[in-house]
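Asker: What follows is structure.pdb; its format and atoms are PDB, C-alpha atoms, pLDDT in the B column.
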ATOM      1  CA  MET A   1     -26.858 -11.238   3.473  1.00 36.00           C
ATOM      2  CA  ASP A   2     -24.697  -8.274   4.493  1.00 47.00           C
ATOM      3  CA  LYS A   3     -20.994  -8.775   5.012  1.00 52.00           C
ATOM      4  CA  PRO A   4     -19.700  -8.044   8.518  1.00 53.00           C
ATOM      5  CA  LEU A   5     -18.626  -4.428   8.892  1.00 80.00           C
ATOM      6  CA  ILE A   6     -14.859  -4.017   8.791  1.00 90.00           C
ATOM      7  CA  LYS A   7     -13.526  -1.048  10.701  1.00 93.00           C
ATOM      8  CA  PRO A   8     -10.328   0.779   9.791  1.00 96.00           C
ATOM      9  CA  ARG A   9      -7.333  -0.438  11.766  1.00 96.00           C
ATOM     10  CA  GLN A  10      -3.724  -1.378  11.294  1.00 97.00           C
ATOM     11  CA  GLY A  11      -3.315  -4.105   8.638  1.00 97.00           C
ATOM     12  CA  ILE A  12      -6.648  -3.450   6.895  1.00 97.00           C
ATOM     13  CA  ILE A  13      -6.689  -2.311   3.276  1.00 96.00           C
ATOM     14  CA  LEU A  14      -8.744   0.435   1.684  1.00 97.00           C
ATOM     15  CA  ILE A  15      -9.965  -0.236  -1.847  1.00 94.00           C
ATOM     16  CA  SER A  16     -11.010   2.924  -3.659  1.00 94.00           C
ATOM     17  CA  GLU A  17     -14.490   3.079  -5.145  1.00 90.00           C
ATOM     18  CA  PRO A  18     -14.478   3.415  -8.962  1.00 84.00           C
ATOM     19  CA  SER A  19     -15.994   6.876  -8.666  1.00 82.00           C
ATOM     20  CA  LEU A  20     -12.996   8.186  -6.684  1.00 85.00           C
ATOM     21  CA  ARG A  21     -11.252  10.429  -9.232  1.00 86.00           C
ATOM     22  CA  ASP A  22      -8.369  11.745  -7.108  1.00 91.00           C
ATOM     23  CA  PHE A  23      -5.017  11.473  -8.932  1.00 90.00           C
ATOM     24  CA  TYR A  24      -3.359   9.546  -6.108  1.00 94.00           C
ATOM     25  CA  PHE A  25      -6.240   7.349  -5.035  1.00 96.00           C
ATOM     26  CA  ARG A  26      -8.001   6.443  -8.295  1.00 93.00           C
ATOM     27  CA  GLN A  27      -8.074   2.617  -8.448  1.00 93.00           C
ATOM     28  CA  SER A  28      -5.844   2.376  -5.384  1.00 95.00           C
ATOM     29  CA  VAL A  29      -5.318  -0.165  -2.663  1.00 96.00           C
ATOM     30  CA  VAL A  30      -4.013   1.416   0.550  1.00 98.00           C
ATOM     31  CA  LEU A  31      -2.511  -0.630   3.376  1.00 98.00           C
ATOM     32  CA  LEU A  32      -3.199   0.980   6.742  1.00 98.00           C
ATOM     33  CA  ALA A  33      -0.045   0.989   8.853  1.00 98.00           C
ATOM     34  CA  GLU A  34      -1.693   2.839  11.752  1.00 97.00           C
ATOM     35  CA  HIS A  35      -5.165   4.026  12.721  1.00 96.00           C
ATOM     36  CA  ASN A  36      -5.875   5.664  16.065  1.00 95.00           C
ATOM     37  CA  GLU A  37      -7.344   8.809  17.670  1.00 95.00           C
ATOM     38  CA  GLU A  38      -4.441  10.881  16.297  1.00 96.00           C
ATOM     39  CA  GLY A  39      -5.192   9.920  12.683  1.00 96.00           C
ATOM     40  CA  THR A  40      -4.398   7.310  10.078  1.00 98.00           C
ATOM     41  CA  PHE A  41      -1.503   6.599   7.761  1.00 97.00           C
ATOM     42  CA  GLY A  42      -0.591   3.950   5.245  1.00 98.00           C
ATOM     43  CA  VAL A  43       0.769   3.447   1.743  1.00 98.00           C
ATOM     44  CA  ILE A  44      -0.731   2.845  -1.677  1.00 97.00           C
ATOM     45  CA  VAL A  45       0.557  -0.622  -2.568  1.00 96.00           C
ATOM     46  CA  ASN A  46      -0.423  -0.978  -6.221  1.00 95.00           C
ATOM     47  CA  LYS A  47       1.155   1.988  -8.039  1.00 95.00           C
ATOM     48  CA  PRO A  48       4.759   1.477  -9.155  1.00 94.00           C
ATOM     49  CA  ILE A  49       6.598   4.503 -10.511  1.00 95.00           C
ATOM     50  CA  GLU A  50       9.230   4.678 -13.244  1.00 93.00           C
ATOM     51  CA  ALA A  51      12.204   4.638 -10.880  1.00 91.00           C
ATOM     52  CA  ARG A  52      14.388   2.230  -8.963  1.00 90.00           C
ATOM     53  CA  ILE A  53      15.455   2.793  -5.376  1.00 92.00           C
ATOM     54  CA  GLN A  54      19.092   3.516  -6.312  1.00 89.00           C
ATOM     55  CA  ASP A  55      17.821   6.257  -8.679  1.00 90.00           C
ATOM     56  CA  ILE A  56      16.297   8.054  -5.696  1.00 92.00           C
ATOM     57  CA  ILE A  57      18.713   7.386  -2.824  1.00 90.00           C
ATOM     58  CA  LYS A  58      22.399   8.074  -3.386  1.00 86.00           C
ATOM     59  CA  ASP A  59      24.814   5.409  -2.172  1.00 88.00           C
ATOM     60  CA  PHE A  60      22.093   2.762  -2.224  1.00 90.00           C
ATOM     61  CA  PRO A  61      23.111  -0.731  -3.349  1.00 91.00           C
ATOM     62  CA  ASP A  62      22.426  -1.471  -6.997  1.00 86.00           C
ATOM     63  CA  SER A  63      19.431  -3.746  -6.469  1.00 82.00           C
ATOM     64  CA  ASP A  64      16.969  -2.827  -9.244  1.00 81.00           C
ATOM     65  CA  LEU A  65      14.127  -2.739  -6.703  1.00 89.00           C
ATOM     66  CA  PRO A  66      11.037  -0.844  -7.863  1.00 90.00           C
ATOM     67  CA  VAL A  67       9.585   2.114  -6.008  1.00 95.00           C
ATOM     68  CA  TYR A  68       5.877   2.692  -5.505  1.00 96.00           C
ATOM     69  CA  LEU A  69       3.828   5.835  -5.057  1.00 97.00           C
ATOM     70  CA  GLY A  70       2.854   5.648  -1.384  1.00 98.00           C
ATOM     71  CA  GLY A  71       0.660   8.726  -1.316  1.00 98.00           C
ATOM     72  CA  PRO A  72       0.566  12.502  -1.412  1.00 97.00           C
ATOM     73  CA  VAL A  73       2.190  13.185   1.985  1.00 97.00           C
ATOM     74  CA  LYS A  74       5.978  13.703   2.343  1.00 97.00           C
ATOM     75  CA  THR A  75       6.724  12.855  -1.283  1.00 96.00           C
ATOM     76  CA  ASP A  76      10.310  13.942  -0.645  1.00 95.00           C
ATOM     77  CA  SER A  77      10.810  10.906   1.633  1.00 96.00           C
ATOM     78  CA  ILE A  78      11.157   7.152   1.174  1.00 96.00           C
ATOM     79  CA  PHE A  79       9.270   4.654   3.343  1.00 98.00           C
ATOM     80  CA  PHE A  80       9.334   0.870   3.246  1.00 98.00           C
ATOM     81  CA  ILE A  81       7.527  -2.258   4.352  1.00 98.00           C
ATOM     82  CA  HIS A  82       9.013  -5.734   4.476  1.00 97.00           C
ATOM     83  CA  THR A  83       8.433  -9.325   5.538  1.00 97.00           C
ATOM     84  CA  ARG A  84      11.604  -9.822   7.593  1.00 97.00           C
ATOM     85  CA  ASP A  85      11.170 -10.188  11.352  1.00 96.00           C
ATOM     86  CA  ASP A  86      14.943  -9.871  11.908  1.00 96.00           C
ATOM     87  CA  ILE A  87      15.271  -6.185  10.967  1.00 97.00           C
ATOM     88  CA  ASP A  88      15.625  -4.114  14.121  1.00 96.00           C
ATOM     89  CA  GLN A  89      13.666  -0.889  14.606  1.00 97.00           C
ATOM     90  CA  SER A  90      10.782  -2.323  12.526  1.00 97.00           C
ATOM     91  CA  LEU A  91       7.177  -1.994  13.638  1.00 97.00           C
ATOM     92  CA  PRO A  92       4.711  -4.822  13.008  1.00 97.00           C
ATOM     93  CA  ILE A  93       1.733  -3.968  10.791  1.00 98.00           C
ATOM     94  CA  MET A  94       0.222  -7.444  10.652  1.00 97.00           C
ATOM     95  CA  GLN A  95       1.425 -11.033  10.822  1.00 96.00           C
ATOM     96  CA  GLY A  96       4.491 -11.265   8.588  1.00 97.00           C
ATOM     97  CA  LEU A  97       4.579  -7.601   7.530  1.00 98.00           C
ATOM     98  CA  TYR A  98       6.594  -4.755   9.082  1.00 98.00           C
ATOM     99  CA  TRP A  99       7.014  -0.989   8.682  1.00 98.00           C
ATOM    100  CA  GLY A 100      10.475   0.575   8.414  1.00 97.00           C
ATOM    101  CA  GLY A 101      13.560  -0.467  10.289  1.00 97.00           C
ATOM    102  CA  ASN A 102      17.303  -0.052  10.298  1.00 97.00           C
ATOM    103  CA  ILE A 103      18.182   1.276   6.834  1.00 95.00           C
ATOM    104  CA  ASP A 104      21.871   0.380   7.211  1.00 95.00           C
ATOM    105  CA  LEU A 105      20.868  -3.253   7.798  1.00 97.00           C
ATOM    106  CA  ILE A 106      18.573  -3.068   4.748  1.00 96.00           C
ATOM    107  CA  LYS A 107      21.501  -1.856   2.634  1.00 94.00           C
ATOM    108  CA  THR A 108      23.764  -4.636   3.939  1.00 95.00           C
ATOM    109  CA  LEU A 109      21.140  -7.302   3.242  1.00 96.00           C
ATOM    110  CA  LEU A 110      20.684  -5.945  -0.284  1.00 94.00           C
ATOM    111  CA  GLU A 111      24.448  -5.811  -0.925  1.00 94.00           C
ATOM    112  CA  ASN A 112      24.721  -9.440   0.222  1.00 95.00           C
ATOM    113  CA  GLU A 113      21.685 -10.395  -1.888  1.00 93.00           C
ATOM    114  CA  GLU A 114      19.874 -11.565   1.258  1.00 95.00           C
ATOM    115  CA  LEU A 115      16.813  -9.393   0.632  1.00 93.00           C
ATOM    116  CA  THR A 116      14.625  -9.692  -2.458  1.00 90.00           C
ATOM    117  CA  GLU A 117      11.855  -7.768  -4.201  1.00 86.00           C
ATOM    118  CA  HIS A 118       9.379 -10.237  -2.681  1.00 90.00           C
ATOM    119  CA  GLN A 119      10.463  -9.264   0.837  1.00 95.00           C
ATOM    120  CA  ILE A 120      10.599  -5.468   0.688  1.00 96.00           C
ATOM    121  CA  ARG A 121       8.697  -2.625  -0.957  1.00 96.00           C
ATOM    122  CA  PHE A 122       9.813   1.023  -1.127  1.00 97.00           C
ATOM    123  CA  PHE A 123       7.439   3.993  -1.381  1.00 97.00           C
ATOM    124  CA  VAL A 124       7.743   7.669  -2.232  1.00 98.00           C
ATOM    125  CA  GLY A 125       5.434   9.445   0.193  1.00 98.00           C
ATOM    126  CA  TYR A 126       2.598   8.042   2.239  1.00 98.00           C
ATOM    127  CA  SER A 127      -1.147   8.453   2.630  1.00 98.00           C
ATOM    128  CA  GLY A 128      -2.419  10.201   5.734  1.00 98.00           C
ATOM    129  CA  TRP A 129      -5.708  11.277   7.249  1.00 98.00           C
ATOM    130  CA  HIS A 130      -6.437  13.639  10.135  1.00 97.00           C
ATOM    131  CA  PRO A 131      -8.506  12.288  13.049  1.00 96.00           C
ATOM    132  CA  HIS A 132     -11.958  11.186  11.823  1.00 94.00           C
ATOM    133  CA  GLN A 133     -11.194  12.210   8.205  1.00 96.00           C
ATOM    134  CA  LEU A 134     -10.987   8.590   7.013  1.00 96.00           C
ATOM    135  CA  ASP A 135     -14.182   7.733   8.909  1.00 94.00           C
ATOM    136  CA  ARG A 136     -15.971  10.499   6.973  1.00 95.00           C
ATOM    137  CA  GLU A 137     -14.592   9.254   3.650  1.00 95.00           C
ATOM    138  CA  ILE A 138     -15.777   5.730   4.453  1.00 95.00           C
ATOM    139  CA  LYS A 139     -19.268   7.038   5.269  1.00 94.00           C
ATOM    140  CA  GLU A 140     -19.191   8.928   1.942  1.00 93.00           C
ATOM    141  CA  LYS A 141     -18.468   5.560   0.296  1.00 91.00           C
ATOM    142  CA  SER A 142     -15.065   6.532  -1.090  1.00 94.00           C
ATOM    143  CA  TRP A 143     -13.503   3.333   0.264  1.00 95.00           C
ATOM    144  CA  ILE A 144     -14.272  -0.361   0.677  1.00 92.00           C
ATOM    145  CA  LEU A 145     -12.429  -2.005   3.572  1.00 94.00           C
ATOM    146  CA  SER A 146     -11.055  -5.525   3.398  1.00 93.00           C
ATOM    147  CA  HIS A 147      -8.664  -7.949   5.036  1.00 93.00           C
ATOM    148  CA  THR A 148      -5.392  -8.913   3.396  1.00 93.00           C
ATOM    149  CA  THR A 149      -2.199 -10.888   3.942  1.00 94.00           C
ATOM    150  CA  ALA A 150       1.479  -9.994   3.716  1.00 95.00           C
ATOM    151  CA  ALA A 151       1.808 -12.243   0.648  1.00 92.00           C
ATOM    152  CA  GLU A 152      -0.941 -10.337  -1.169  1.00 91.00           C
ATOM    153  CA  ILE A 153       0.640  -6.979  -0.350  1.00 93.00           C
ATOM    154  CA  ILE A 154       4.140  -7.932  -1.482  1.00 90.00           C
ATOM    155  CA  GLY A 155       3.062 -10.354  -4.209  1.00 78.00           C
ATOM    156  CA  ASN A 156       4.070 -10.535  -7.835  1.00 67.00           C
ATOM    157  CA  ASN A 157       1.183  -8.731  -9.482  1.00 72.00           C
ATOM    158  CA  THR A 158       0.467  -5.744  -7.292  1.00 77.00           C
ATOM    159  CA  GLU A 159      -0.580  -3.506 -10.201  1.00 74.00           C
ATOM    160  CA  ARG A 160      -3.727  -5.651 -10.528  1.00 82.00           C
ATOM    161  CA  LEU A 161      -4.553  -5.680  -6.819  1.00 86.00           C
ATOM    162  CA  TRP A 162      -7.458  -3.241  -7.156  1.00 87.00           C
ATOM    163  CA  SER A 163      -9.368  -5.393  -9.637  1.00 84.00           C
ATOM    164  CA  THR A 164      -8.302  -8.632  -7.937  1.00 85.00           C
ATOM    165  CA  TYR A 165      -9.738  -7.557  -4.578  1.00 84.00           C
ATOM    166  CA  LEU A 166     -12.963  -6.323  -6.196  1.00 83.00           C
ATOM    167  CA  ARG A 167     -13.487  -9.647  -7.989  1.00 83.00           C
ATOM    168  CA  ALA A 168     -12.836 -11.555  -4.758  1.00 83.00           C
ATOM    169  CA  MET A 169     -15.546  -9.572  -2.956  1.00 81.00           C
ATOM    170  CA  GLY A 170     -18.319 -11.111  -5.064  1.00 78.00           C
ATOM    171  CA  LYS A 171     -20.575 -10.218  -7.952  1.00 77.00           C
ATOM    172  CA  ASP A 172     -21.734  -6.892  -6.488  1.00 74.00           C
ATOM    173  CA  TYR A 173     -18.159  -5.602  -6.703  1.00 75.00           C
ATOM    174  CA  ALA A 174     -16.760  -7.715  -9.555  1.00 70.00           C
ATOM    175  CA  ILE A 175     -18.440  -5.553 -12.191  1.00 70.00           C
ATOM    176  CA  TRP A 176     -16.240  -2.656 -11.037  1.00 72.00           C
ATOM    177  CA  ALA A 177     -13.050  -4.674 -11.576  1.00 68.00           C
ATOM    178  CA  ASN A 178     -13.027  -3.782 -15.284  1.00 68.00           C
ATOM    179  CA  PHE A 179     -13.966  -0.155 -14.703  1.00 63.00           C
ATOM    180  CA  PRO A 180     -11.532   2.001 -16.712  1.00 61.00           C
ATOM    181  CA  ALA A 181      -9.265   4.424 -14.852  1.00 58.00           C
ATOM    182  CA  ASP A 182     -10.697   7.147 -17.072  1.00 54.00           C
ATOM    183  CA  PRO A 183     -14.372   6.455 -17.896  1.00 50.00           C
ATOM    184  CA  SER A 184     -14.187   8.711 -20.955  1.00 50.00           C
ATOM    185  CA  PHE A 185     -12.089   5.959 -22.609  1.00 48.00           C
ATOM    186  CA  ASN A 186     -14.933   3.477 -22.178  1.00 48.00           C
TER
END
Go ahead and express the file in the form of structure tokens.
Answerer:
Amino acid sequence: MDKPLIKPRQGIILISEPSLRDFYFRQSVVLLAEHNEEGTFGVIVNKPIEARIQDIIKDFPDSDLPVYLGGPVKTDSIFFIHTRDDIDQSLPIMQGLYWGGNIDLIKTLLENEELTEHQIRFFVGYSGWHPHQLDREIKEKSWILSHTTAAEIIGNNTERLWSTYLRAMGKDYAIWANFPADPSFN
């Protein structure tokens, strides 16, 4: 029995096919923050980098929060998602998950220890597609689309999200979950 077709839209995740060899997108899970006739953008949610937010932004509270590789676009900029509905200037992505917001309020909440790693995620860069580009990549079978929750996106073990989602999709996909990032190491 075929699974119902999921279309790209805000709050959906893209799971890269094992054959996708691109540096940024190999074994990636991308949360779509927006998808419309003008294009698509989102962030890779499962690739932490070797930096903390205060290493990248001067005058940022010492919070030891990790930073993730969001994608290949605007890698000179920081973006963030969070689970707080009380941060003004935020845009809802899905129930319980928001894009951006007032950075001064974020700093204050961090200084006061009122914001934790399980409520916010910072990204260097983002992932973007021109109009219809993502649709073509989906037809080329570069991506599997799936539903998600805010808790899964900002959970404890995001580095394993790619294999976790593949296993959850059933036996046809579970075999890919152990696929090495570089098949020559197999």
Asker: Any idea what the distance is between atom CA of A:Phe23 and atom CA of A:Gly71?
Answerer: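 Computing it gives 9.9 Å between the two atoms.
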Asker: Enumerate, in order of chain and increasing residue number, the residues of stretch 60-80 of chain A with an atom no farther than 12 Å from stretch 137-155 of chain A, each with its shortest atom pair and distance in Å to one decimal, counting all atoms listed in the file, as JSON lines.
Answerer:
{"residue": "A:Pro66", "atom": "CA", "partner": "A:Ile154", "partner_atom": "CA", "distance": 11.8}
{"residue": "A:Tyr68", "atom": "CA", "partner": "A:Ile154", "partner_atom": "CA", "distance": 11.5}
{"residue": "A:Phe80", "atom": "CA", "partner": "A:Ile154", "partner_atom": "CA", "distance": 11.3}
Asker: Figure out the distance between atom CA of A:Arg167 and atom CA of A:Glu117, please, to one decimal in Å.
Answerer: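 For atom CA of A:Glu117 relative to atom CA of A:Arg167, the distance reads 25.7 Å.
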Asker: Residues proximal to (15.1, 0.4, 9.7) were defined as those with any atom within 12 Å of that point in the file's coordinates, counting all atoms listed in the file. Which are they, as a PyMOL selection string?
Answerer: chain A and resi 78-82+84-91+98-109+120
Asker: Can you pull out the residues contacting stretch 46-63 of chain A? Cut-off 6 Å, using all atoms listed in the file, and skip same-chain residues under 2 positions away; I want them as a list in words.
Answerer: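 In the requested format, the answer is Ile44, Leu65, Pro66, Val67, Tyr68, Leu69, Glu111, Thr158 and Glu159 of chain A.
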